[in-house]
Structures are given as C-alpha cells and as structure tokens.
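Working notes, beginning with the structure itself.
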Amino acid sequence: MGHISTSHLEADVSHHPLRTEPGAARPSRRSFLKLTGTLSAAAAITAAVSACSGGPESTGNAGGGGKAASSTIEATLAFALSSGFDPANASSAVATAANQHAFEGLVDLDPVTREPYAALAADLPKAGADGRTWTATLRDGATFSDGTAVTAADVAHSFTRAMDPEMLMSQFIGFIAAVKAKDAKTVEFTLKTPFALFVERVAVIKIVPKAKTGNAAASKAFDTTPVGSGPWKIDSADQSKGLTFSVNPHYNGPRKAKAQKMVWHTTTEAATRVADLESGRSQAIEAVPYINVKQVAGKKKAEPKQAFNQLFLMFNCSAKPFDDKRVRQALHYALDTTSIIQTALQGYGTPADSYLDHGNKAYQKASTVYGFDQAKAKSLLQQAGASSLKFELVTTDAAFVKDIAPLLVDAWKQIGVTATLNTAPSSSVYAPAPDGLVTKSSFRVLAASGDPTVFGVDTDLLLRWFYFGETWPQKRYHWDAASQKKVATWLDQAAAETDEAKQKAIWKQVLDFVADEAPLYPVLHTKIVTGWDDTTLSDFQPASTTGLYFLDTARKA
C-alpha cells in the first residue's frame, strides 16, 4: 500500500465524545477536543492515496488483478472518510468501521450481536482472585498484515500507548493501572480498582505493531499506512472516492475473509446510496433514507434495527431560566414524540423512555417519562416564571435533525414558547471556545444527535459518554457540581460492583436522575435501516450502529 497523504479540514461526522473511567487521570481537553469534538466535529484528517491508486474504482476495475466480479464486495457508506486509521485515535464513522475489519483487539465485540469473543486472544481474558489482575494469552501464529508476528510486547505497547491522555481511546480505559508482557504470548493487566466490564471494554483497544508506532513520527505515518492483524488490509483511501481492501494473507483468526476484495464508496447523498444499491453498483448501503425504505424493500432487502442513536435536547444549565429543571422538563413534555417520529422519520424511531434504547440488553425504563402533555408543560413554565420564553435553538445539520427541528419549534409555539432556528455543521456547533456555538455565553438550547455505540454498548460507557467529566457536563451544558459528583460517584460504584443485580440497581439510579434533571436527554432513539442485495451477498447482517460490516460475508457468484 502506498502512503496516504493527509490534509486537515472541518468535517461533520456527527457522533462522539466521552470521558475517563474510575480513577483515571484527566486528559488534555485541548487535545481531546482537537481530535474529536464528538466524533462529530473537530479537526478531521482526510486521507487521500498518493502512491497506490486514485482511490476505489468500480468492481470490474478495482485493481483486482483480473479477479471475477464475484470476488469483490462493494458497499456505499453514508459518511465521508474524515480521520486517519490509527485505532488509538480514529474518530470518523468510516475509519472506525474500516478498523473493525483491519485490526483486532484481544477481545472484539461482534458488530451485529455486540457480544464479546476472543479475537487476537486465544480465549477470553481471565481475572485473578483479587479482581484487579487479568491475564490474556495470544493465539498461536497471530501475524500482522506485513508478515511480522504479533507479540505480547505489541499488546502491552498498544494499551500503554492508548492510556496516554493525548489519545482518544484513553477515555475508555482509565481503570487500567499498568499492562506488561509476561512472556512472548502472555499479557498481564493491573487495574486501579476491580472493573466488572473488563472483558468487553478491552475490545476498544486494537493491537498495533510496536515497531511502527513507537514514537510520534512513526505514529503519524502509521495513521495513513495502517497495519493490523485483522482479516482485511486497507489498500487505498480517499476522502471523496472511498476505500479499497484486500485479504490479509497472514490472518489465522476466527473471522477469515470470504471474498478477495472490498470496495467502499462513500457519500452523504441519500439518493446516490439508493441508486448504488438499485443499479447493482453496491451490494449493501448504509442508512437507507426513511422515505425510500418501502421502495428499496420492494426490490432488495431493507431491515430496520433499533439503535441507541438519538435526537437529544441539551440546555445551558447555568443560564436562566434553563437552570431550573422545570423549564427543561416543560420543553420535553410539549413534544408529541410519536407524531414527530411518524412525520420526520416515517415511523422509524422510538420515543425515549430511558437514556438507553429498547434494543440494549441492559435497558431499564426511567422513572420520569416525557409523555405528550401540553397542560403540564405550561404549568411547569408558569411555576418557573418562564411563560413567555424566547430563545435560539441551535441544531446540527444531520439530515434527520434538520427534518425534526421545525417540528420542535412548532410544538413549543403551542405552549407559548418562541424558538428561532440556527442550523450549522457539527464542526461549528462543537468547536472549542470561543468559536463553538454551544460554548458561547449566548447559547441556550441545542438539538442534535449522538451515538457512541460504535465503541461499545455497556451502560457504563454510554452513561459516561454524556454525563461524566468535563467535555459535556462542564463545557457544554454547564451542569452544577453537585449533580456531576452524584453521577460520578454512582458510576464508579457500579463499575466496581461484581454483583450484576446490584450493579443494575445503581445504574437505574443514574438513569432516573438524568431523566429527571434532563440537562441533556433524548427525545427519541432512531432506527437504522440498512439495505442490501441478498441475491449477491451471503451471510450479511445489518448492524444497529454506524457502519457496514462484512466479517462473515461472501459475494455470491
């Protein structure tokens, strides 16, 4: 693979920021915001091939060395590539999906079932008697795509490197104190406190070769010339044209590639994705437009899956009258969410009755549920002295958010509230102070989307995403210190709890508290609709998170 040149640009990937685990050191917020914003928008890196090819071509021209069309899987994703591939920092929807094919963790989460399985490890990691020591052993013959053996030293290096506060993935593994290679195949983890979710959480760290990522210069090069131990290797990447993959000939793990090549086209244009599937250019597409689901289903397969991805409202809780939770609650009660879902999403969504979506195995209904109740909304506003409320509603420009925003404004008008719209790319919404719309002193209310489930679906990770640390609670919605401390204490208690029932009960306290306080809280959870041609693909399954995944998929002749 030739070197991929990089340039910086602003991009809307509309997805991800978070915070540290129990006992973690605080990372640099400047570097973190620079890297991610929200997997949404901060400075994004666009990869472009300079020495391989000009990017992906059509199936018959994808550099397949004369391979028949049936050996190549083609797909069209709904986002443009907007970051590099170094898995310690990869922040874009496309890069994180690609890395699931090109890299391995000791443990990986199945992209469809989200259940953990031994990937680079021979078996799932094992805990010591004290719950603070874990060991993992590599599978025999594990090899990177450049032909070099994967060693325990590479694993220890990958975790130690990712623990650096400058790295994005440090946000997920703050419970780890140290990682060392005991021998060539055995790795030992020492934790700061017991962490019951260790097995599935270590899946966020993909293993990289120490020889190619040992310093800043090497890491910069690696970001554009990735080398992993997964079943596929990335051959070319381009911000506008997409990606090409070929089989890693050295892979000997449990998810062997069942095709010879993959071509990923990328476009934010919904009509283009539909046309790609219907014309046969692609065998699978991400994010079928809701208005086109029946059309696609009449010719191909189109399957909706309940997702965590949400439309949320976020308030400046330090600014009157939004420092009063009754005002925040009133704006939720004023919404006929079922009608909004039917009108804007063609029914492909679910009203939020918890921070967690109904598809999450740990779902628990919150004690506060915002049913449509205009009378209650008016009463709450009156009690708070905010009956003639006026404010600017900031929204991101994600398609479904833009479709819903006018409906919010209309609903609030019915209870005497006047809101004016200010729609902008995520890069403008979440830019660091003083430029970001939500960091300005004039900011009051935001409607946007968010979905961290590309990294994991455990309740601890999802709650820490929006309610723990500095990025969201302090710098965006300015939650009071007492509320932040209460949530942090509960989360740390739950993280160390080994009794599942007790852990779930503590999480229920958090779910109830954030529902009642509503500093940032979902209005609805969307359904993700994936389209594919089952006459040309076998064993393909759609995921309930961002991206398309072909780990067990073959192209039919």
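Residues in the structure tokens are named by chain (A, B, ... in the order shown) and by number from 1 within that chain; ligands are numbered from 1 in the order shown.
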
Name the residues of range 161-403 of chain A that fall into alpha helix (DSSP H) according to DSSP on the backbone, using the chain letters and numbers of this document, as a CSV table (one decimal) with N, CA and C atoms, in the first residue's frame.
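part02.csv written:
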```csv
chain,number,residue,atom,x,y,z
A,161,ARG,N,0.3,2.8,25.2
A,161,ARG,CA,0.2,4.0,24.2
A,161,ARG,C,-1.2,4.6,24.3
A,162,ALA,N,-2.2,3.8,24.3
A,162,ALA,CA,-3.6,4.3,24.3
A,162,ALA,C,-4.0,4.9,25.6
A,198,PHE,N,-14.5,-5.6,32.4
A,198,PHE,CA,-13.2,-5.7,31.7
A,198,PHE,C,-13.2,-6.4,30.4
A,199,VAL,N,-13.8,-7.6,30.3
A,199,VAL,CA,-13.7,-8.4,29.1
A,199,VAL,C,-14.3,-7.6,27.9
A,200,GLU,N,-15.4,-7.0,28.0
A,200,GLU,CA,-16.0,-6.3,26.8
A,200,GLU,C,-15.3,-5.0,26.6
A,201,ARG,N,-14.9,-4.3,27.7
A,201,ARG,CA,-14.3,-3.0,27.5
A,201,ARG,C,-12.9,-3.0,26.8
A,216,ALA,N,6.3,9.6,17.9
A,216,ALA,CA,5.3,10.4,17.3
A,216,ALA,C,5.4,10.4,15.7
A,217,ALA,N,6.6,10.4,15.2
A,217,ALA,CA,6.8,10.4,13.8
A,217,ALA,C,6.3,9.1,13.2
A,218,ALA,N,6.6,8.0,13.8
A,218,ALA,CA,6.1,6.7,13.3
A,218,ALA,C,4.6,6.6,13.4
A,219,SER,N,4.0,7.1,14.5
A,219,SER,CA,2.6,7.1,14.6
A,219,SER,C,1.9,7.9,13.6
A,220,LYS,N,2.5,9.0,13.2
A,220,LYS,CA,1.9,9.9,12.2
A,220,LYS,C,1.9,9.1,10.8
A,221,ALA,N,2.9,8.4,10.5
A,221,ALA,CA,3.0,7.7,9.3
A,221,ALA,C,2.0,6.5,9.4
A,222,PHE,N,1.9,5.9,10.5
A,222,PHE,CA,1.0,4.7,10.7
A,222,PHE,C,-0.5,5.1,10.5
A,270,ALA,N,-28.2,10.8,0.0
A,270,ALA,CA,-29.1,9.7,0.2
A,270,ALA,C,-29.5,9.0,-1.1
A,271,ALA,N,-29.8,9.9,-2.1
A,271,ALA,CA,-30.3,9.4,-3.4
A,271,ALA,C,-29.2,8.6,-4.1
A,272,THR,N,-27.9,9.0,-3.9
A,272,THR,CA,-26.8,8.3,-4.5
A,272,THR,C,-26.7,6.9,-3.9
A,273,ARG,N,-26.9,6.8,-2.6
A,273,ARG,CA,-26.8,5.4,-2.0
A,273,ARG,C,-27.9,4.5,-2.5
A,274,VAL,N,-29.1,5.0,-2.6
A,274,VAL,CA,-30.2,4.2,-3.1
A,274,VAL,C,-29.9,3.8,-4.5
A,275,ALA,N,-29.4,4.7,-5.4
A,275,ALA,CA,-29.2,4.4,-6.8
A,275,ALA,C,-28.0,3.4,-6.9
A,276,ASP,N,-27.0,3.4,-6.0
A,276,ASP,CA,-26.0,2.5,-6.0
A,276,ASP,C,-26.5,1.1,-5.7
A,277,LEU,N,-27.4,0.9,-4.8
A,277,LEU,CA,-27.9,-0.4,-4.5
A,277,LEU,C,-28.8,-0.9,-5.6
A,278,GLU,N,-29.7,-0.1,-6.1
A,278,GLU,CA,-30.7,-0.5,-7.1
A,278,GLU,C,-30.0,-0.8,-8.5
A,279,SER,N,-28.9,-0.1,-8.7
A,279,SER,CA,-28.2,-0.3,-10.0
A,279,SER,C,-27.3,-1.5,-10.0
A,293,VAL,N,-37.5,3.6,2.2
A,293,VAL,CA,-37.4,2.2,2.7
A,293,VAL,C,-38.4,1.2,1.9
A,294,LYS,N,-39.6,1.6,1.7
A,294,LYS,CA,-40.5,0.8,1.0
A,294,LYS,C,-40.1,0.5,-0.4
A,295,GLN,N,-39.6,1.6,-1.0
A,295,GLN,CA,-39.1,1.5,-2.4
A,295,GLN,C,-38.0,0.5,-2.5
A,296,VAL,N,-37.0,0.6,-1.6
A,296,VAL,CA,-35.8,-0.3,-1.6
A,296,VAL,C,-36.3,-1.8,-1.2
A,297,ALA,N,-37.2,-1.9,-0.2
A,297,ALA,CA,-37.6,-3.2,0.2
A,297,ALA,C,-38.4,-3.9,-0.9
A,325,LYS,N,-34.8,23.0,36.4
A,325,LYS,CA,-35.2,21.8,35.6
A,325,LYS,C,-36.6,21.7,35.1
A,326,ARG,N,-37.5,22.5,35.8
A,326,ARG,CA,-38.9,22.5,35.4
A,326,ARG,C,-39.0,23.1,33.9
A,327,VAL,N,-38.1,24.0,33.6
A,327,VAL,CA,-38.2,24.6,32.2
A,327,VAL,C,-37.7,23.5,31.2
A,328,ARG,N,-36.6,22.8,31.6
A,328,ARG,CA,-36.1,21.8,30.7
A,328,ARG,C,-37.2,20.7,30.5
A,329,GLN,N,-37.8,20.3,31.6
A,329,GLN,CA,-38.8,19.3,31.6
A,329,GLN,C,-40.0,19.7,30.7
A,330,ALA,N,-40.4,21.0,30.8
A,330,ALA,CA,-41.5,21.5,30.1
A,330,ALA,C,-41.3,21.4,28.6
A,331,LEU,N,-40.1,21.7,28.1
A,331,LEU,CA,-39.9,21.6,26.7
A,331,LEU,C,-39.9,20.2,26.2
A,332,HIS,N,-39.7,19.2,27.0
A,332,HIS,CA,-39.8,17.8,26.7
A,332,HIS,C,-41.3,17.4,26.7
A,333,TYR,N,-42.0,17.8,27.7
A,333,TYR,CA,-43.5,17.4,27.8
A,333,TYR,C,-44.3,18.0,26.6
A,337,THR,N,-43.9,13.2,20.6
A,337,THR,CA,-42.8,12.5,20.0
A,337,THR,C,-43.3,11.4,19.0
A,338,THR,N,-44.4,10.8,19.3
A,338,THR,CA,-44.9,9.8,18.4
A,338,THR,C,-45.2,10.4,17.0
A,339,SER,N,-45.9,11.6,17.1
A,339,SER,CA,-46.2,12.3,15.8
A,339,SER,C,-44.9,12.8,15.1
A,340,ILE,N,-43.9,13.2,15.9
A,340,ILE,CA,-42.7,13.6,15.3
A,340,ILE,C,-42.0,12.5,14.5
A,341,ILE,N,-42.0,11.3,15.2
A,341,ILE,CA,-41.4,10.1,14.5
A,341,ILE,C,-42.1,9.7,13.3
A,342,GLN,N,-43.4,9.8,13.3
A,342,GLN,CA,-44.2,9.5,12.1
A,342,GLN,C,-44.0,10.5,11.0
A,343,THR,N,-43.9,11.8,11.3
A,343,THR,CA,-43.8,12.8,10.3
A,343,THR,C,-42.4,12.9,9.7
A,344,ALA,N,-41.4,12.9,10.6
A,344,ALA,CA,-40.0,13.2,10.2
A,344,ALA,C,-39.2,11.9,9.9
A,345,LEU,N,-39.6,10.8,10.5
A,345,LEU,CA,-38.8,9.6,10.4
A,345,LEU,C,-39.6,8.4,9.8
A,374,GLN,N,-49.3,19.0,27.1
A,374,GLN,CA,-49.1,20.4,26.9
A,374,GLN,C,-49.5,21.2,28.2
A,375,ALA,N,-50.6,20.7,28.9
A,375,ALA,CA,-51.0,21.4,30.1
A,375,ALA,C,-49.9,21.3,31.2
A,376,LYS,N,-49.3,20.2,31.3
A,376,LYS,CA,-48.2,20.1,32.3
A,376,LYS,C,-47.0,20.9,31.9
A,377,ALA,N,-46.7,21.0,30.6
A,377,ALA,CA,-45.7,21.9,30.1
A,377,ALA,C,-45.9,23.3,30.5
A,378,LYS,N,-47.1,23.8,30.2
A,378,LYS,CA,-47.5,25.2,30.5
A,378,LYS,C,-47.4,25.4,32.0
A,379,SER,N,-47.9,24.5,32.8
A,379,SER,CA,-47.9,24.6,34.3
A,379,SER,C,-46.4,24.7,34.8
A,380,LEU,N,-45.5,23.9,34.3
A,380,LEU,CA,-44.1,23.9,34.7
A,380,LEU,C,-43.5,25.2,34.4
A,381,LEU,N,-43.8,25.8,33.2
A,381,LEU,CA,-43.2,27.0,32.8
A,381,LEU,C,-43.7,28.2,33.7
A,382,GLN,N,-45.0,28.1,34.0
A,382,GLN,CA,-45.6,29.1,34.9
A,382,GLN,C,-45.0,29.0,36.3
A,383,GLN,N,-44.8,27.8,36.8
A,383,GLN,CA,-44.2,27.7,38.1
A,383,GLN,C,-42.8,28.2,38.1
A,399,ALA,N,-29.2,15.1,8.6
A,399,ALA,CA,-30.5,15.2,7.9
A,399,ALA,C,-31.7,15.0,8.7
A,400,PHE,N,-31.7,14.0,9.6
A,400,PHE,CA,-33.0,13.8,10.4
A,400,PHE,C,-33.1,14.8,11.4
A,401,VAL,N,-32.0,15.4,11.9
A,401,VAL,CA,-32.2,16.5,12.9
A,401,VAL,C,-32.8,17.8,12.2
A,402,LYS,N,-32.3,18.0,11.0
A,402,LYS,CA,-32.9,19.2,10.2
A,402,LYS,C,-34.4,18.9,9.9
A,403,ASP,N,-34.8,17.7,9.7
A,403,ASP,CA,-36.2,17.4,9.4
A,403,ASP,C,-37.1,17.6,10.7
```

For the contact check between range 151-251 of chain A and range 492-515 of chain A, emit one row per residue of range 151-251 of chain A within 7 Å, containing the shortest atom pair and the distance in Å rounded to one decimal, counting only C-alpha atoms, chain then rising number order, as JSON lines.
```
{"residue": "A:Thr193", "atom": "CA", "partner": "A:Ala496", "partner_atom": "CA", "distance": 6.7}
{"residue": "A:Pro194", "atom": "CA", "partner": "A:Ala496", "partner_atom": "CA", "distance": 5.2}
{"residue": "A:Phe195", "atom": "CA", "partner": "A:Ala496", "partner_atom": "CA", "distance": 4.9}
{"residue": "A:Ala196", "atom": "CA", "partner": "A:Thr498", "partner_atom": "CA", "distance": 5.6}
```

With all heavy atoms retained, export the selected residues as a PDB file, in the first residue's frame.
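Generated output (selection-v8.pdb):
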```pdb
ATOM      1  N   THR A 193      -8.886  -0.375  40.276  1.00  0.00           N
ATOM      2  CA  THR A 193      -9.945  -0.963  41.101  1.00  0.00           C
ATOM      3  C   THR A 193     -10.540  -2.113  40.295  1.00  0.00           C
ATOM      4  O   THR A 193     -10.376  -2.181  39.065  1.00  0.00           O
ATOM      5  CB  THR A 193     -11.069   0.059  41.393  1.00  0.00           C
ATOM      6  OG1 THR A 193     -11.691   0.447  40.157  1.00  0.00           O
ATOM      7  CG2 THR A 193     -10.517   1.281  42.112  1.00  0.00           C
ATOM      8  N   PRO A 194     -11.234  -3.037  40.923  1.00  0.00           N
ATOM      9  CA  PRO A 194     -11.924  -4.072  40.141  1.00  0.00           C
ATOM     10  C   PRO A 194     -12.862  -3.412  39.131  1.00  0.00           C
ATOM     11  O   PRO A 194     -13.471  -2.375  39.406  1.00  0.00           O
ATOM     12  CB  PRO A 194     -12.714  -4.844  41.208  1.00  0.00           C
ATOM     13  CG  PRO A 194     -11.948  -4.636  42.468  1.00  0.00           C
ATOM     14  CD  PRO A 194     -11.411  -3.231  42.384  1.00  0.00           C
ATOM     15  N   PHE A 195     -12.964  -3.999  37.957  1.00  0.00           N
ATOM     16  CA  PHE A 195     -13.815  -3.450  36.895  1.00  0.00           C
ATOM     17  C   PHE A 195     -14.549  -4.608  36.248  1.00  0.00           C
ATOM     18  O   PHE A 195     -13.968  -5.378  35.478  1.00  0.00           O
ATOM     19  CB  PHE A 195     -12.978  -2.676  35.879  1.00  0.00           C
ATOM     20  CG  PHE A 195     -13.801  -1.940  34.856  1.00  0.00           C
ATOM     21  CD1 PHE A 195     -14.615  -0.875  35.222  1.00  0.00           C
ATOM     22  CD2 PHE A 195     -13.769  -2.316  33.517  1.00  0.00           C
ATOM     23  CE1 PHE A 195     -15.376  -0.187  34.276  1.00  0.00           C
ATOM     24  CE2 PHE A 195     -14.526  -1.634  32.571  1.00  0.00           C
ATOM     25  CZ  PHE A 195     -15.330  -0.573  32.951  1.00  0.00           C
ATOM     26  N   ALA A 196     -15.823  -4.742  36.584  1.00  0.00           N
ATOM     27  CA  ALA A 196     -16.586  -5.927  36.180  1.00  0.00           C
ATOM     28  C   ALA A 196     -16.771  -6.052  34.682  1.00  0.00           C
ATOM     29  O   ALA A 196     -17.030  -7.139  34.162  1.00  0.00           O
ATOM     30  CB  ALA A 196     -17.951  -5.905  36.876  1.00  0.00           C
TER      31      ALA A 196
END
```

Query raised in the report: Counting only C-alpha atoms, what is within 12 Å of Asn422 in chain A, bar same-chain residues fewer than 5 positions away, as a ChimeraX atom specification?
Result: /A:391-397,402,405-406,409,428-429,437-438,443-448

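Distance check against Thr535 in chain A using only C-alpha atoms: of A:Ala211, A:Ala419, A:Ala284, A:Leu311, the minimum falls on A:Ala284.
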
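Using only C-alpha atoms, the smallest distance between any of A:Glu470, A:Glu166, A:Glu188, A:Asp435 and Thr137 in chain A comes from A:Glu188.
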
Query raised in the report: Pick from A:Asn215, A:Gln100, A:Ser158, A:Ser538: nearest to Trp232 in chain A, with only C-alpha atoms counted?
Result: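 Under the stated criterion, the closest residue is A:Gln100.
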
Report task. Work out how far CA of Leu77 in chain A is from CA of His525 in chain A, in Å to one decimal. Result -> 20.7 Å

Requested in this report: Step one, run DSSP on the backbone; step two, keep only residues of range 300-380 of chain A assigned to strand (DSSP E or B); then write them as number ranges by chain.
Outcome: A: 301-315, 349-351

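The shell of residues at most 10 Å from Ile285 in chain A, with only C-alpha atoms counted and near chain neighbours (fewer than 2 positions) removed, consists of Glu74, Ala75, Thr76, Leu77, Ala78, Trp264, His265, Thr266, Ala270, Thr272, Arg273, Val274, Ala275, Asp276, Leu277, Ser282, Gln283, Ala287, Val288, Ala302, Val529, Thr530, Gly531, Trp532, Asp533, Pro542, Gly547 and Leu548 of chain A.
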
**Report entry** Interatomic distance, CA of Asp110 in chain A to CA of Asp130 in chain A (Å, one decimal)
**Finding:**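 We find that CA of Asp110 in chain A and CA of Asp130 in chain A lie 28.7 Å from each other.
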
Query raised in the report: Given the choices A:Val202, A:Val457, A:Ala122, A:Leu408, which gets closest to Gly174 in chain A if the distance is worked out from only C-alpha atoms?
Result: A:Val202

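Comparing A:Ser240, A:Ser229, A:Ser354, A:Thr72 by their smallest distance to Thr459 in chain A, the closest is A:Ser354 (using only C-alpha atoms).
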
Query raised in the report: Any idea what's packed within 10 Å of Lys475 in chain A, counting only C-alpha atoms, ignoring anything in its chain fewer than 6 positions away? Could you give it as a PyMOL selection string?
Result: chain A and resi 29+316+432-433+438-439+469

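Straight-line separation from CA of Thr213 in chain A to CA of Ser246 in chain A: 22.5 Å.
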
Residues near Thr545 in chain A, cut-off 8 Å, only C-alpha atoms, skip fewer than 6 positions along chain, as an mmCIF file with all heavy atoms, in the first residue's frame:
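So the final result, stored in out14.cif, reads:
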```cif
data_model
loop_
_atom_site.group_PDB
_atom_site.id
_atom_site.type_symbol
_atom_site.label_atom_id
_atom_site.label_comp_id
_atom_site.auth_asym_id
_atom_site.auth_seq_id
_atom_site.Cartn_x
_atom_site.Cartn_y
_atom_site.Cartn_z
ATOM 1 N N ALA A 307 -31.761 1.466 17.311
ATOM 2 C CA ALA A 307 -30.418 1.951 17.610
ATOM 3 C C ALA A 307 -30.433 2.822 18.855
ATOM 4 O O ALA A 307 -31.473 3.344 19.267
ATOM 5 C CB ALA A 307 -29.874 2.744 16.428
ATOM 6 N N PHE A 308 -29.270 2.999 19.451
ATOM 7 C CA PHE A 308 -29.121 3.975 20.521
ATOM 8 C C PHE A 308 -29.174 5.384 19.951
ATOM 9 O O PHE A 308 -29.620 6.325 20.616
ATOM 10 C CB PHE A 308 -27.786 3.762 21.242
ATOM 11 C CG PHE A 308 -27.488 4.798 22.297
ATOM 12 C CD1 PHE A 308 -27.959 4.641 23.579
ATOM 13 C CD2 PHE A 308 -26.745 5.929 21.992
ATOM 14 C CE1 PHE A 308 -27.697 5.601 24.561
ATOM 15 C CE2 PHE A 308 -26.480 6.886 22.954
ATOM 16 C CZ PHE A 308 -26.956 6.720 24.245
ATOM 17 N N ASN A 309 -28.683 5.558 18.728
ATOM 18 C CA ASN A 309 -28.595 6.885 18.111
ATOM 19 C C ASN A 309 -29.847 7.691 18.411
ATOM 20 O O ASN A 309 -30.964 7.232 18.197
ATOM 21 C CB ASN A 309 -28.419 6.751 16.599
ATOM 22 C CG ASN A 309 -28.139 8.082 15.937
ATOM 23 O OD1 ASN A 309 -27.404 8.903 16.462
ATOM 24 N ND2 ASN A 309 -28.748 8.314 14.786
ATOM 25 N N ASP A 451 -24.226 8.994 19.019
ATOM 26 C CA ASP A 451 -24.246 7.535 19.101
ATOM 27 C C ASP A 451 -22.846 6.983 19.343
ATOM 28 O O ASP A 451 -22.087 6.771 18.400
ATOM 29 C CB ASP A 451 -24.818 6.940 17.821
ATOM 30 C CG ASP A 451 -24.976 5.427 17.899
ATOM 31 O OD1 ASP A 451 -24.687 4.861 18.969
ATOM 32 O OD2 ASP A 451 -25.386 4.814 16.906
ATOM 33 N N THR A 453 -22.181 4.004 20.361
ATOM 34 C CA THR A 453 -22.208 2.538 20.391
ATOM 35 C C THR A 453 -21.263 1.897 19.384
ATOM 36 O O THR A 453 -21.069 0.685 19.427
ATOM 37 C CB THR A 453 -23.632 1.994 20.155
ATOM 38 O OG1 THR A 453 -24.127 2.453 18.895
ATOM 39 C CG2 THR A 453 -24.571 2.438 21.265
ATOM 40 N N VAL A 454 -20.667 2.671 18.494
ATOM 41 C CA VAL A 454 -19.657 2.106 17.608
ATOM 42 C C VAL A 454 -18.487 1.561 18.431
ATOM 43 O O VAL A 454 -17.770 0.664 18.002
ATOM 44 C CB VAL A 454 -19.187 3.162 16.582
ATOM 45 C CG1 VAL A 454 -18.434 4.288 17.245
ATOM 46 C CG2 VAL A 454 -18.332 2.526 15.501
ATOM 47 N N ILE A 528 -32.006 2.390 12.591
ATOM 48 C CA ILE A 528 -31.090 2.427 11.455
ATOM 49 C C ILE A 528 -31.576 1.417 10.421
ATOM 50 O O ILE A 528 -31.803 0.251 10.747
ATOM 51 C CB ILE A 528 -29.656 2.106 11.895
ATOM 52 C CG1 ILE A 528 -29.111 3.227 12.783
ATOM 53 C CG2 ILE A 528 -28.747 1.883 10.685
ATOM 54 C CD1 ILE A 528 -27.721 2.964 13.314
#
```
